[in-house]
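> Here you go, this is final_19.csv (CSV, C-alpha atoms).
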```csv
chain,number,residue,atom,x,y,z
A,1,THR,CA,-13.0,-40.0,-6.1
A,2,PRO,CA,-14.2,-37.2,-3.7
A,3,ALA,CA,-17.5,-39.0,-3.2
A,4,GLU,CA,-15.7,-42.1,-1.8
A,5,VAL,CA,-13.4,-40.1,0.5
A,6,ASP,CA,-14.3,-39.5,4.2
A,7,PRO,CA,-15.8,-36.0,4.3
A,8,ALA,CA,-13.9,-35.3,7.5
A,9,LEU,CA,-10.6,-35.9,5.7
A,10,LEU,CA,-11.6,-33.6,2.9
A,11,GLY,CA,-12.5,-31.0,5.5
A,12,ARG,CA,-9.0,-31.3,7.0
A,13,ILE,CA,-7.4,-30.9,3.6
A,14,ASP,CA,-9.4,-27.8,2.8
A,15,THR,CA,-8.7,-26.3,6.3
A,16,CYS,CA,-5.0,-26.8,5.8
A,17,TYR,CA,-5.0,-25.2,2.4
A,18,SER,CA,-7.0,-22.3,3.7
A,19,ALA,CA,-4.5,-21.8,6.5
A,20,ALA,CA,-1.7,-22.0,4.1
A,21,ARG,CA,-3.1,-19.3,1.9
A,22,SER,CA,-3.9,-17.1,4.9
A,23,LEU,CA,-0.3,-17.3,6.2
A,24,LEU,CA,1.3,-17.0,2.8
A,25,LEU,CA,2.5,-13.4,3.4
A,26,SER,CA,2.3,-13.0,7.2
A,27,ASP,CA,4.1,-16.2,8.1
A,28,PRO,CA,5.5,-18.0,5.0
A,29,VAL,CA,7.2,-20.8,7.0
A,30,ARG,CA,4.0,-21.9,8.8
A,31,GLY,CA,2.1,-21.4,5.6
A,32,TYR,CA,4.4,-23.8,3.7
A,33,ALA,CA,4.0,-26.3,6.5
A,34,PHE,CA,0.2,-26.2,6.2
A,35,GLY,CA,0.5,-26.6,2.5
A,36,LEU,CA,2.8,-29.6,2.8
A,37,LYS,CA,0.4,-31.2,5.3
A,38,ALA,CA,-2.5,-30.7,3.0
A,39,LEU,CA,-0.6,-32.2,0.1
A,40,LEU,CA,0.2,-35.3,2.0
A,41,LEU,CA,-3.4,-35.7,3.1
A,42,ALA,CA,-4.6,-35.2,-0.5
A,43,LEU,CA,-2.2,-37.9,-1.6
A,44,ASP,CA,-3.7,-40.2,1.0
A,45,ALA,CA,-7.2,-39.3,-0.1
A,46,GLY,CA,-6.4,-39.9,-3.8
A,47,ASP,CA,-8.3,-36.7,-4.8
A,48,PRO,CA,-6.7,-35.2,-7.9
A,49,ALA,CA,-8.5,-31.9,-7.7
A,50,ARG,CA,-7.1,-31.3,-4.2
A,51,LEU,CA,-3.6,-32.3,-5.3
A,52,VAL,CA,-3.2,-29.3,-7.5
A,53,GLU,CA,-2.9,-26.6,-4.9
A,54,GLY,CA,-0.6,-28.7,-2.8
A,55,LEU,CA,1.7,-29.5,-5.7
A,56,ALA,CA,1.7,-25.8,-6.7
A,57,GLN,CA,2.2,-24.3,-3.3
A,58,VAL,CA,4.9,-26.8,-2.0
A,59,GLY,CA,6.7,-26.7,-5.4
A,60,CYS,CA,6.7,-22.9,-5.4
A,61,GLY,CA,8.1,-22.8,-1.8
A,62,MET,CA,10.8,-25.3,-2.8
A,63,ALA,CA,11.7,-23.4,-5.9
A,64,ILE,CA,11.9,-20.1,-4.0
A,65,LYS,CA,14.4,-21.7,-1.7
A,66,GLY,CA,16.5,-23.0,-4.6
A,67,MET,CA,15.5,-26.7,-4.3
A,68,LYS,CA,15.8,-28.3,-7.7
A,69,ASP,CA,12.5,-30.3,-7.8
A,70,GLY,CA,10.3,-27.3,-6.9
A,71,ARG,CA,9.7,-26.2,-10.5
A,72,LEU,CA,8.9,-29.8,-11.4
A,73,LEU,CA,6.1,-29.9,-8.9
A,74,VAL,CA,4.7,-26.6,-10.2
A,75,GLU,CA,4.8,-28.0,-13.7
A,76,GLN,CA,2.9,-31.1,-12.5
A,77,ALA,CA,0.3,-28.9,-10.9
A,78,ASP,CA,-0.1,-26.9,-14.1
A,79,ALA,CA,-0.5,-30.0,-16.2
A,80,LEU,CA,-3.0,-31.6,-13.8
A,81,ALA,CA,-5.1,-28.4,-13.7
A,82,ASP,CA,-5.3,-28.4,-17.5
A,83,GLU,CA,-6.3,-32.1,-17.5
A,84,LEU,CA,-9.0,-31.6,-14.8
A,85,HIS,CA,-10.7,-28.5,-16.5
A,86,LEU,CA,-11.9,-27.3,-13.0
A,87,PRO,CA,-11.9,-23.6,-12.2
A,88,HIS,CA,-10.6,-24.2,-8.6
A,89,ALA,CA,-7.7,-26.3,-9.8
A,90,ARG,CA,-6.8,-23.9,-12.6
A,91,GLY,CA,-7.1,-20.9,-10.3
A,92,MET,CA,-4.9,-22.4,-7.6
A,93,ALA,CA,-2.3,-23.5,-10.0
A,94,ASP,CA,-2.2,-20.0,-11.5
A,95,LEU,CA,-2.0,-18.4,-8.1
A,96,TYR,CA,1.2,-20.2,-7.3
A,97,ILE,CA,2.6,-20.0,-10.8
A,98,GLY,CA,2.2,-16.2,-10.3
A,99,TYR,CA,4.3,-16.4,-7.1
A,100,LEU,CA,7.0,-18.4,-8.9
A,101,ARG,CA,7.2,-15.9,-11.8
A,102,TYR,CA,7.3,-13.1,-9.3
A,103,THR,CA,10.3,-14.5,-7.5
A,104,GLU,CA,12.0,-14.7,-10.9
A,105,ALA,CA,11.2,-11.0,-11.5
A,106,ARG,CA,9.1,-11.9,-14.5
A,107,TRP,CA,6.4,-9.3,-13.7
A,108,ARG,CA,4.4,-9.6,-16.9
A,109,ASP,CA,4.2,-13.4,-16.7
A,110,ALA,CA,3.2,-13.1,-13.0
A,111,LEU,CA,0.5,-10.6,-13.9
A,112,THR,CA,-0.9,-12.9,-16.5
A,113,ALA,CA,-1.0,-15.8,-14.0
A,114,TRP,CA,-2.6,-13.8,-11.2
A,115,GLU,CA,-5.2,-12.2,-13.5
A,116,GLY,CA,-6.1,-15.8,-14.6
A,117,ALA,CA,-6.2,-17.0,-11.0
A,118,ALA,CA,-8.6,-14.2,-10.1
A,119,ARG,CA,-10.9,-15.0,-13.0
A,120,SER,CA,-11.0,-18.8,-12.3
A,121,LEU,CA,-11.4,-18.5,-8.5
A,122,ARG,CA,-14.4,-16.1,-8.9
A,123,ARG,CA,-16.2,-19.1,-10.4
A,124,CYS,CA,-15.7,-21.0,-7.2
A,125,LEU,CA,-17.2,-21.0,-3.7
A,126,GLY,CA,-15.2,-20.8,-0.4
A,127,VAL,CA,-11.9,-19.4,-1.6
A,128,PRO,CA,-12.1,-15.7,-0.6
A,129,ASN,CA,-8.5,-15.6,0.6
A,130,GLY,CA,-7.3,-17.0,-2.8
A,131,ILE,CA,-9.2,-14.3,-4.6
A,132,GLN,CA,-7.9,-11.5,-2.4
A,133,LYS,CA,-4.3,-12.7,-2.8
A,134,ALA,CA,-4.7,-12.7,-6.6
A,135,ASP,CA,-6.4,-9.3,-6.7
A,136,VAL,CA,-3.7,-7.6,-4.5
A,137,ASN,CA,-0.9,-9.3,-6.4
A,138,VAL,CA,-2.3,-8.0,-9.7
A,139,LEU,CA,-1.9,-4.5,-8.2
A,140,MET,CA,1.6,-5.2,-7.1
A,141,MET,CA,2.6,-6.3,-10.6
A,142,LEU,CA,1.0,-3.3,-12.3
A,143,GLN,CA,3.1,-1.1,-10.0
A,144,ALA,CA,6.3,-3.0,-10.8
A,145,LEU,CA,5.5,-2.6,-14.5
A,146,GLY,CA,4.7,1.1,-14.1
A,147,ASP,CA,1.2,0.9,-15.5
A,148,TYR,CA,-0.5,3.4,-13.2
A,149,PRO,CA,-3.6,4.1,-15.2
A,150,LYS,CA,-4.6,0.4,-15.2
A,151,MET,CA,-3.5,0.1,-11.6
A,152,ALA,CA,-5.9,3.0,-10.7
A,153,THR,CA,-8.8,1.2,-12.4
A,154,VAL,CA,-8.0,-2.2,-10.8
A,155,ALA,CA,-7.5,-0.6,-7.3
A,156,MET,CA,-10.9,1.1,-7.4
A,157,GLY,CA,-12.6,-2.1,-8.6
A,158,THR,CA,-10.9,-4.2,-5.9
A,159,LEU,CA,-11.8,-1.6,-3.3
A,160,GLU,CA,-15.5,-1.5,-4.3
A,161,LEU,CA,-15.7,-5.3,-4.4
A,162,ALA,CA,-14.0,-5.6,-1.0
A,163,ARG,CA,-16.4,-3.2,0.6
A,164,ALA,CA,-19.4,-5.0,-0.9
A,165,LYS,CA,-18.1,-8.3,0.4
A,166,GLY,CA,-16.9,-7.0,3.8
A,167,ASN,CA,-13.4,-8.1,3.0
A,168,VAL,CA,-11.2,-5.9,5.3
A,169,TYR,CA,-7.9,-7.3,4.1
A,170,SER,CA,-8.6,-6.6,0.5
A,171,GLU,CA,-10.0,-3.1,1.3
A,172,VAL,CA,-6.8,-2.3,3.3
A,173,MET,CA,-4.5,-3.4,0.6
A,174,ALA,CA,-6.5,-1.8,-2.2
A,175,LEU,CA,-6.4,1.5,-0.3
A,176,LEU,CA,-2.6,1.3,-0.1
A,177,TYR,CA,-2.2,0.8,-3.8
A,178,HIS,CA,-4.8,3.4,-4.5
A,179,ALA,CA,-2.6,5.8,-2.6
A,180,MET,CA,0.2,5.2,-5.0
A,181,THR,CA,-2.1,5.9,-8.0
A,182,ARG,CA,-3.1,9.2,-6.4
A,183,MET,CA,0.6,10.0,-6.0
A,184,ALA,CA,1.1,9.2,-9.7
A,185,ALA,CA,-1.8,11.6,-10.4
A,186,ASP,CA,0.0,14.3,-8.4
A,187,ASP,CA,-2.7,14.2,-5.8
A,188,ALA,CA,-0.6,14.2,-2.6
A,189,ASP,CA,-3.6,14.9,-0.4
A,190,GLY,CA,-5.5,12.0,-1.9
A,191,ALA,CA,-2.5,9.7,-1.4
A,192,LEU,CA,-2.3,10.7,2.3
A,193,ASP,CA,-6.0,10.2,2.8
A,194,SER,CA,-5.9,6.7,1.3
A,195,LEU,CA,-2.9,5.8,3.5
A,196,ARG,CA,-4.6,7.1,6.7
A,197,MET,CA,-7.8,5.2,5.9
A,198,SER,CA,-5.9,2.0,5.2
A,199,VAL,CA,-4.0,2.2,8.4
A,200,SER,CA,-7.1,3.0,10.4
A,201,LEU,CA,-8.9,-0.1,9.1
A,202,ALA,CA,-5.9,-2.5,9.2
A,203,PRO,CA,-6.1,-5.4,11.7
A,204,ASP,CA,-2.9,-6.4,13.6
A,205,GLY,CA,-0.5,-8.0,11.2
A,206,ARG,CA,2.9,-7.5,9.5
A,207,SER,CA,2.4,-8.0,5.8
A,208,HIS,CA,0.1,-5.0,5.2
A,209,ALA,CA,2.0,-2.9,7.8
A,210,PHE,CA,5.3,-3.3,5.9
A,211,THR,CA,3.5,-2.4,2.6
A,212,ALA,CA,2.1,0.6,4.3
A,213,LEU,CA,5.6,1.6,5.6
A,214,LYS,CA,7.0,1.4,2.1
A,215,PHE,CA,4.2,3.6,0.6
A,216,GLU,CA,4.2,6.0,3.6
A,217,CYS,CA,7.9,6.7,3.0
A,218,LYS,CA,7.4,7.2,-0.7
A,219,VAL,CA,4.6,9.7,-0.1
A,220,ALA,CA,6.6,11.5,2.5
A,221,LEU,CA,9.4,12.0,0.0
A,222,TYR,CA,6.9,13.1,-2.6
A,223,CYS,CA,5.6,15.7,-0.2
A,224,GLY,CA,9.1,17.0,0.4
A,225,GLN,CA,9.4,15.5,3.9
A,226,PRO,CA,12.5,13.4,3.7
A,227,ASP,CA,13.2,13.6,7.5
A,228,ASP,CA,9.7,12.1,8.1
A,229,ALA,CA,10.6,9.2,5.8
A,230,TYR,CA,13.9,8.7,7.6
A,231,LYS,CA,12.2,8.6,11.0
A,232,ARG,CA,9.6,6.1,9.8
A,233,ILE,CA,12.1,3.7,8.3
A,234,GLN,CA,14.4,4.0,11.4
A,235,ALA,CA,11.5,3.4,13.8
A,236,ALA,CA,10.3,0.3,11.9
A,237,TRP,CA,13.6,-1.3,11.1
A,238,ALA,CA,13.8,-3.5,14.2
A,239,ASP,CA,10.4,-5.0,13.2
A,240,VAL,CA,11.5,-5.4,9.6
A,241,LYS,CA,14.6,-7.4,10.8
A,242,ASP,CA,12.6,-9.5,13.3
A,243,SER,CA,9.9,-10.4,10.7
A,244,GLY,CA,12.2,-12.8,8.9
A,245,PHE,CA,11.1,-11.3,5.6
A,246,LEU,CA,14.6,-10.1,4.8
A,247,ASP,CA,15.3,-13.8,4.0
A,248,TYR,CA,13.2,-13.3,0.8
A,249,PRO,CA,15.0,-11.5,-2.0
A,250,HIS,CA,12.2,-9.2,-3.2
A,251,PHE,CA,11.5,-8.0,0.3
A,252,ARG,CA,15.2,-7.6,1.0
A,253,ILE,CA,15.7,-5.6,-2.2
A,254,TYR,CA,12.8,-3.3,-1.6
A,255,TYR,CA,13.7,-2.4,2.0
A,256,TYR,CA,17.5,-2.2,1.7
A,257,SER,CA,17.1,0.1,-1.3
A,258,MET,CA,14.5,2.2,0.4
A,259,ARG,CA,16.5,2.5,3.6
A,260,GLY,CA,19.7,3.2,1.6
A,261,GLY,CA,18.2,6.0,-0.5
A,262,ILE,CA,16.4,7.7,2.4
A,263,THR,CA,19.6,7.4,4.6
A,264,LEU,CA,21.8,8.7,1.8
A,265,GLY,CA,19.6,11.8,1.5
A,266,ARG,CA,19.9,12.3,5.2
A,267,TYR,CA,23.7,12.0,5.0
A,268,LEU,CA,23.8,14.6,2.3
A,269,ARG,CA,21.8,17.0,4.6
A,270,THR,CA,23.8,16.3,7.8
A,271,GLY,CA,27.2,14.9,6.9
A,272,GLU,CA,27.0,12.3,9.6
A,273,ALA,CA,29.6,9.6,8.9
A,274,SER,CA,27.6,6.8,10.4
A,275,LEU,CA,24.9,7.4,7.8
A,276,ARG,CA,27.3,7.0,5.0
A,277,THR,CA,28.6,3.7,6.5
A,278,GLN,CA,25.0,2.4,6.5
A,279,VAL,CA,24.4,3.4,2.9
A,280,THR,CA,27.7,1.8,1.8
A,281,GLN,CA,26.6,-1.5,3.6
A,282,ASP,CA,23.2,-1.4,1.9
A,283,ALA,CA,24.7,-0.8,-1.5
A,284,GLY,CA,27.0,-3.7,-1.0
A,285,ARG,CA,24.2,-6.0,0.0
A,286,LEU,CA,22.2,-5.0,-3.1
A,287,ALA,CA,25.3,-5.5,-5.4
A,288,LYS,CA,25.3,-9.1,-4.4
A,289,GLU,CA,21.7,-9.8,-5.3
A,290,LYS,CA,21.1,-12.4,-8.1
A,291,LEU,CA,18.0,-10.5,-9.4
A,292,THR,CA,18.8,-7.8,-11.9
A,293,PHE,CA,16.5,-5.2,-10.4
A,294,GLY,CA,18.2,-5.6,-7.0
A,295,ARG,CA,21.6,-4.8,-8.5
A,296,ALA,CA,20.0,-1.8,-10.3
A,297,HIS,CA,19.0,-0.4,-6.9
A,298,GLY,CA,22.5,-1.0,-5.6
A,299,ARG,CA,23.9,1.0,-8.5
A,300,LEU,CA,21.6,3.9,-7.7
A,301,LEU,CA,23.0,4.0,-4.2
A,302,ALA,CA,26.5,3.7,-5.4
A,303,ALA,CA,25.8,6.6,-7.9
A,304,GLY,CA,24.6,8.8,-5.0
A,305,LEU,CA,27.8,8.0,-3.0
A,306,ALA,CA,29.9,8.8,-6.1
A,307,GLN,CA,28.1,12.1,-6.5
A,308,ALA,CA,28.7,12.9,-2.9
A,309,ASP,CA,32.4,12.4,-3.5
A,310,GLU,CA,32.2,14.7,-6.6
A,311,LYS,CA,32.7,11.9,-9.0
A,312,THR,CA,29.9,13.1,-11.3
A,313,GLY,CA,30.9,11.1,-14.3
A,314,GLU,CA,31.0,7.8,-12.4
A,315,ALA,CA,27.6,8.7,-10.9
A,316,GLY,CA,26.1,9.3,-14.3
A,317,ARG,CA,27.4,6.1,-15.6
A,318,LEU,CA,26.0,4.1,-12.7
A,319,CYS,CA,22.6,5.7,-13.1
A,320,ARG,CA,22.6,4.8,-16.8
A,321,ARG,CA,23.5,1.2,-15.9
A,322,ALA,CA,20.7,1.1,-13.4
A,323,ALA,CA,18.2,2.5,-15.9
A,324,GLU,CA,19.3,-0.3,-18.4
A,325,ASP,CA,18.8,-2.9,-15.7
A,326,PHE,CA,15.4,-1.7,-14.8
A,327,ALA,CA,14.4,-1.6,-18.4
A,328,THR,CA,15.5,-5.2,-18.9
A,329,THR,CA,13.1,-6.3,-16.2
A,330,GLU,CA,10.3,-4.1,-17.7
A,331,MET,CA,10.3,-1.7,-14.7
A,332,ALA,CA,9.5,1.3,-16.9
A,333,ALA,CA,8.9,3.9,-14.2
A,334,HIS,CA,12.0,3.0,-12.2
A,335,ALA,CA,14.0,3.0,-15.5
A,336,GLY,CA,12.7,6.5,-16.3
A,337,ALA,CA,13.6,7.8,-12.8
A,338,ALA,CA,17.2,6.4,-13.1
A,339,ARG,CA,17.7,7.7,-16.6
A,340,ARG,CA,16.4,11.2,-15.6
A,341,MET,CA,19.0,11.3,-12.8
A,342,ALA,CA,21.7,10.2,-15.3
A,343,GLY,CA,20.6,13.1,-17.5
A,344,ILE,CA,20.7,15.6,-14.6
A,345,LEU,CA,24.2,14.4,-13.5
A,346,THR,CA,25.6,14.7,-17.0
A,347,ALA,CA,23.7,17.9,-17.9
A,348,ASP,CA,22.0,16.1,-20.8
A,349,ALA,CA,18.7,18.0,-21.2
A,350,ALA,CA,17.6,15.6,-24.0
A,351,MET,CA,18.0,12.6,-21.8
A,352,VAL,CA,16.1,14.3,-19.0
A,353,SER,CA,13.3,15.1,-21.4
A,354,THR,CA,13.1,11.6,-22.8
A,355,ALA,CA,13.1,10.1,-19.3
A,356,GLU,CA,10.2,12.4,-18.3
A,357,ASP,CA,8.3,11.3,-21.4
A,358,VAL,CA,8.7,7.7,-20.3
A,359,LEU,CA,7.4,8.5,-16.9
A,360,ALA,CA,4.4,10.4,-18.4
A,361,GLY,CA,3.7,7.3,-20.5
A,362,CYS,CA,3.4,5.4,-17.3
A,363,GLY,CA,0.5,7.7,-16.3
A,364,ILE,CA,2.7,9.9,-14.0
A,365,VAL,CA,1.3,13.4,-14.1
A,366,ASN,CA,4.3,15.2,-12.5
A,367,PRO,CA,7.4,13.2,-13.7
A,368,ALA,CA,10.0,15.4,-12.1
A,369,ARG,CA,8.4,15.3,-8.7
A,370,TRP,CA,7.7,11.6,-8.9
A,371,ALA,CA,11.3,10.8,-10.0
A,372,ASP,CA,12.8,12.9,-7.2
A,373,ALA,CA,10.8,10.8,-4.7
A,374,TYR,CA,12.3,7.6,-6.2
A,375,THR,CA,15.9,8.9,-6.3
A,376,PRO,CA,16.2,10.6,-2.9
A,377,GLY,CA,19.9,10.1,-2.5
A,378,PHE,CA,21.2,12.8,-4.8
A,379,ARG,CA,22.0,16.5,-4.7
A,380,ARG,CA,20.0,18.5,-7.2
A,381,PRO,CA,21.5,21.4,-9.1
A,382,ALA,CA,20.8,24.8,-7.5
```
Show this structure as structure tokens.

Amino acid sequence: TPAEVDPALLGRIDTCYSAARSLLLSDPVRGYAFGLKALLLALDAGDPARLVEGLAQVGCGMAIKGMKDGRLLVEQADALADELHLPHARGMADLYIGYLRYTEARWRDALTAWEGAARSLRRCLGVPNGIQKADVNVLMMLQALGDYPKMATVAMGTLELARAKGNVYSEVMALLYHAMTRMAADDADGALDSLRMSVSLAPDGRSHAFTALKFECKVALYCGQPDDAYKRIQAAWADVKDSGFLDYPHFRIYYYSMRGGITLGRYLRTGEASLRTQVTQDAGRLAKEKLTFGRAHGRLLAAGLAQADEKTGEAGRLCRRAAEDFATTEMAAHAGAARRMAGILTADAAMVSTAEDVLAGCGIVNPARWADAYTPGFRRPA
């Protein structure tokens, strides 16, 4: 039992777990190493409560890398947390279950797990980084699902709590997601203000910088500044490559699709052959992704290339397939943007109207403007 274990050993275990959570996004490899060390120490200590986080974190890391026993460890952590009836154990199990569901593109299941983790961990002391991870991940899942009204409420709540607690990381991330809710509300100035405030507060680090880059590019497109978006992604790409994050499917999908769409728009404006080559390569990478939403992004790039070659029918078909794939993974706003473009390409006014209704149902005030920012690699009718 914990009372019989050397307090110094328990302190080492807790320190390793804290380091693992802190490095989870900024340096996943080192974070995994700290989690594995903590798990081995917890096994030596014989403390079931401290085994849960290690089993969940190490199992999640193994599963993400395709190792067959990873999910078994996560299942063991889940069962042990249920048996212990301790909020810390339950919260940590749910935190990593959320990551596992996220890697499977099961957004709603990930959302449920992370909401549960946040509730459980708020009943504990000494786990602020676990709470902040859960809170920010909830925002990430609401955006993936296209639930902007709830995202706005949660972002403001997270922001207010972060400021009250003096939690700079959570404040920075909440401001970034708040910016996207302002964009959904057709408040471009508000989105820009939130982005600027977030960047001004951010400490040195890569995870929030890359999230900021993604959102800054989206807002630039929304504001009708595609060349600014292009300059931003080009200037940052060396850092993106050096980060090692492109080894992770979700990050890879987000950034290749963003670079591809922005570069395709640039190609349509300039006709530079090297830009088309880059887009073709990015589309090819996305077409090979195992996750459905990754292939959907690849189809959008392929559709833009087809339209550039005046193959409008093929472009429309690819956009419809992309919309279907996004819908399969419950990415309602992305599906609406793709379906709207399919309607534009095929001159189907009813399809455009239906797609814009879907976007409005996501809480997007100006569906046409928002969808244009999410499908930058297409020519619009005069």
> Pick out the closest residue to Gly130 of chain A from this set: A:Ala19, A:Ala105, A:Leu111, A:Ala212. Count only C-alpha atoms.
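Ranking A:Ala19, A:Ala105, A:Leu111, A:Ala212 by distance to Gly130 of chain A, first place goes to A:Ala19.
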> Given the choices A:Ser257, A:Thr346, A:Gln307, A:Ser243, which gets closest to Ala283 of chain A if the distance is worked out from only C-alpha atoms?
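The closest residue to Ala283 of chain A is A:Ser257.
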> Determine, counting all atoms listed in the file, every residue of protein, DNA or RNA that lies within 7 Å of (9.7, -9.3, -4.0) in the file coordinates, then give the result as a PyMOL selection string.
chain A and resi 102-103+249-251
> Rank A:Gln225, A:Gln278, A:Thr354, A:Thr328 by their smallest atom-to-atom distance to Pro376 of chain A, using only C-alpha atoms, and report the top residue only.
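Nearest candidate to Pro376 of chain A out of A:Gln225, A:Gln278, A:Thr354, A:Thr328: A:Gln225.
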> Which residues are close to Glu115 of chain A, i.e. within 7 Å by only C-alpha atoms, leaving aside same-chain residues fewer than 4 positions away? Reply as a list of chain:residue names.
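My list of contacting residues is A:Leu111, A:Arg119, A:Ala134, A:Val138.
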> Between A:Gly343, A:Gly35, A:Gly190, A:Gly294, single out the one closest to Ala322 of chain A, counting all atoms listed in the file.
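Ranked by minimum distance to Ala322 of chain A, first place goes to A:Gly294.
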> Between A:Phe215, A:Tyr248, A:Tyr169, A:Trp114, which has the minimum distance to Ile97 of chain A (counting all atoms listed in the file)?
A:Trp114
> Identify the residues within 10 Å of coordinate (10.9, -20.8, -3.6) (same frame as the file), considering only C-alpha atoms, and give the answer as JSON, numbers by chain.
{"A": [57, 58, 59, 60, 61, 62, 63, 64, 65, 66, 67, 68, 70, 71, 99, 100, 103, 104, 248]}
> Have a look at A:Ile13, A:Leu345, A:Ala56, A:Leu145 and name the one nearest to Glu330 of chain A; count only C-alpha atoms.
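Looking only at the distances to Glu330 of chain A, the closest residue turns out to be A:Leu145.
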> Around all listed atoms of segment 227-235 of chain A, padded 8 Å per side, what centre and edge lengths does the axis-aligned box have in Å to one decimal, as JSON?

```
{"center_x": 12.0, "center_y": 8.5, "center_z": 9.8, "size_x": 20.8, "size_y": 26.2, "size_z": 24.0}
```
> Neighbours of Thr112 of chain A within 8 Å (all atoms listed in the file; same-chain residues fewer than 4 positions away dropped), as an MDAnalysis selection string?
chainID A and resid 98 108 116
> Suppose you want the space between atom CA of Arg340 of chain A and atom CA of Ile233 of chain A; what is it in Å?
25.4 Å
> Tell me, as an MDAnalysis selection string, which residues lie within 8 Å of Leu41 of chain A, counting all atoms listed in the file; anything in the same chain fewer than 3 positions away does not count.
chainID A and resid 9 13 37:38 44:45
> So how far away is atom CA of Ala188 of chain A from atom CA of Asn366 of chain A, in Å?
11.1 Å
> Write segment 268-281 of chain A as a PDB file, in the coordinates of the input, completed to N, CA, C and O atoms.

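So part_17.pdb came out as:
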```pdb
ATOM      1  N   LEU A 268      23.457  13.443   3.057  1.00  0.00           N
ATOM      2  CA  LEU A 268      23.800  14.600   2.300  1.00  0.00           C
ATOM      3  C   LEU A 268      23.337  15.912   3.020  1.00  0.00           C
ATOM      4  O   LEU A 268      23.954  16.970   2.859  1.00  0.00           O
ATOM      5  N   ARG A 269      22.275  15.804   3.827  1.00  0.00           N
ATOM      6  CA  ARG A 269      21.800  17.000   4.600  1.00  0.00           C
ATOM      7  C   ARG A 269      22.596  17.219   5.863  1.00  0.00           C
ATOM      8  O   ARG A 269      22.691  18.355   6.311  1.00  0.00           O
ATOM      9  N   THR A 270      23.136  16.144   6.453  1.00  0.00           N
ATOM     10  CA  THR A 270      23.800  16.300   7.800  1.00  0.00           C
ATOM     11  C   THR A 270      25.254  16.047   7.809  1.00  0.00           C
ATOM     12  O   THR A 270      25.945  16.536   8.698  1.00  0.00           O
ATOM     13  N   GLY A 271      25.739  15.229   6.870  1.00  0.00           N
ATOM     14  CA  GLY A 271      27.200  14.900   6.900  1.00  0.00           C
ATOM     15  C   GLY A 271      27.578  13.897   7.921  1.00  0.00           C
ATOM     16  O   GLY A 271      28.784  13.703   8.159  1.00  0.00           O
ATOM     17  N   GLU A 272      26.627  13.216   8.579  1.00  0.00           N
ATOM     18  CA  GLU A 272      27.000  12.300   9.600  1.00  0.00           C
ATOM     19  C   GLU A 272      27.629  11.022   9.018  1.00  0.00           C
ATOM     20  O   GLU A 272      27.056  10.329   8.182  1.00  0.00           O
ATOM     21  N   ALA A 273      28.852  10.724   9.481  1.00  0.00           N
ATOM     22  CA  ALA A 273      29.600   9.600   8.900  1.00  0.00           C
ATOM     23  C   ALA A 273      28.964   8.281   9.054  1.00  0.00           C
ATOM     24  O   ALA A 273      29.060   7.421   8.159  1.00  0.00           O
ATOM     25  N   SER A 274      28.267   8.060  10.168  1.00  0.00           N
ATOM     26  CA  SER A 274      27.600   6.800  10.400  1.00  0.00           C
ATOM     27  C   SER A 274      26.537   6.488   9.353  1.00  0.00           C
ATOM     28  O   SER A 274      26.283   5.327   8.997  1.00  0.00           O
ATOM     29  N   LEU A 275      25.902   7.537   8.859  1.00  0.00           N
ATOM     30  CA  LEU A 275      24.900   7.400   7.800  1.00  0.00           C
ATOM     31  C   LEU A 275      25.501   6.885   6.519  1.00  0.00           C
ATOM     32  O   LEU A 275      24.961   6.009   5.840  1.00  0.00           O
ATOM     33  N   ARG A 276      26.641   7.452   6.170  1.00  0.00           N
ATOM     34  CA  ARG A 276      27.300   7.000   5.000  1.00  0.00           C
ATOM     35  C   ARG A 276      27.733   5.541   5.079  1.00  0.00           C
ATOM     36  O   ARG A 276      27.615   4.774   4.103  1.00  0.00           O
ATOM     37  N   THR A 277      28.194   5.151   6.254  1.00  0.00           N
ATOM     38  CA  THR A 277      28.600   3.700   6.500  1.00  0.00           C
ATOM     39  C   THR A 277      27.370   2.835   6.225  1.00  0.00           C
ATOM     40  O   THR A 277      27.493   1.785   5.583  1.00  0.00           O
ATOM     41  N   GLN A 278      26.197   3.236   6.722  1.00  0.00           N
ATOM     42  CA  GLN A 278      25.000   2.400   6.500  1.00  0.00           C
ATOM     43  C   GLN A 278      24.640   2.313   5.049  1.00  0.00           C
ATOM     44  O   GLN A 278      24.306   1.229   4.564  1.00  0.00           O
ATOM     45  N   VAL A 279      24.730   3.425   4.323  1.00  0.00           N
ATOM     46  CA  VAL A 279      24.400   3.400   2.900  1.00  0.00           C
ATOM     47  C   VAL A 279      25.390   2.502   2.140  1.00  0.00           C
ATOM     48  O   VAL A 279      24.992   1.726   1.262  1.00  0.00           O
ATOM     49  N   THR A 280      26.665   2.593   2.476  1.00  0.00           N
ATOM     50  CA  THR A 280      27.700   1.800   1.800  1.00  0.00           C
ATOM     51  C   THR A 280      27.388   0.286   2.043  1.00  0.00           C
ATOM     52  O   THR A 280      27.512  -0.541   1.124  1.00  0.00           O
ATOM     53  N   GLN A 281      26.968  -0.064   3.253  1.00  0.00           N
ATOM     54  CA  GLN A 281      26.600  -1.500   3.600  1.00  0.00           C
ATOM     55  C   GLN A 281      25.398  -1.906   2.765  1.00  0.00           C
ATOM     56  O   GLN A 281      25.374  -3.014   2.205  1.00  0.00           O
TER      57      GLN A 281
END
```
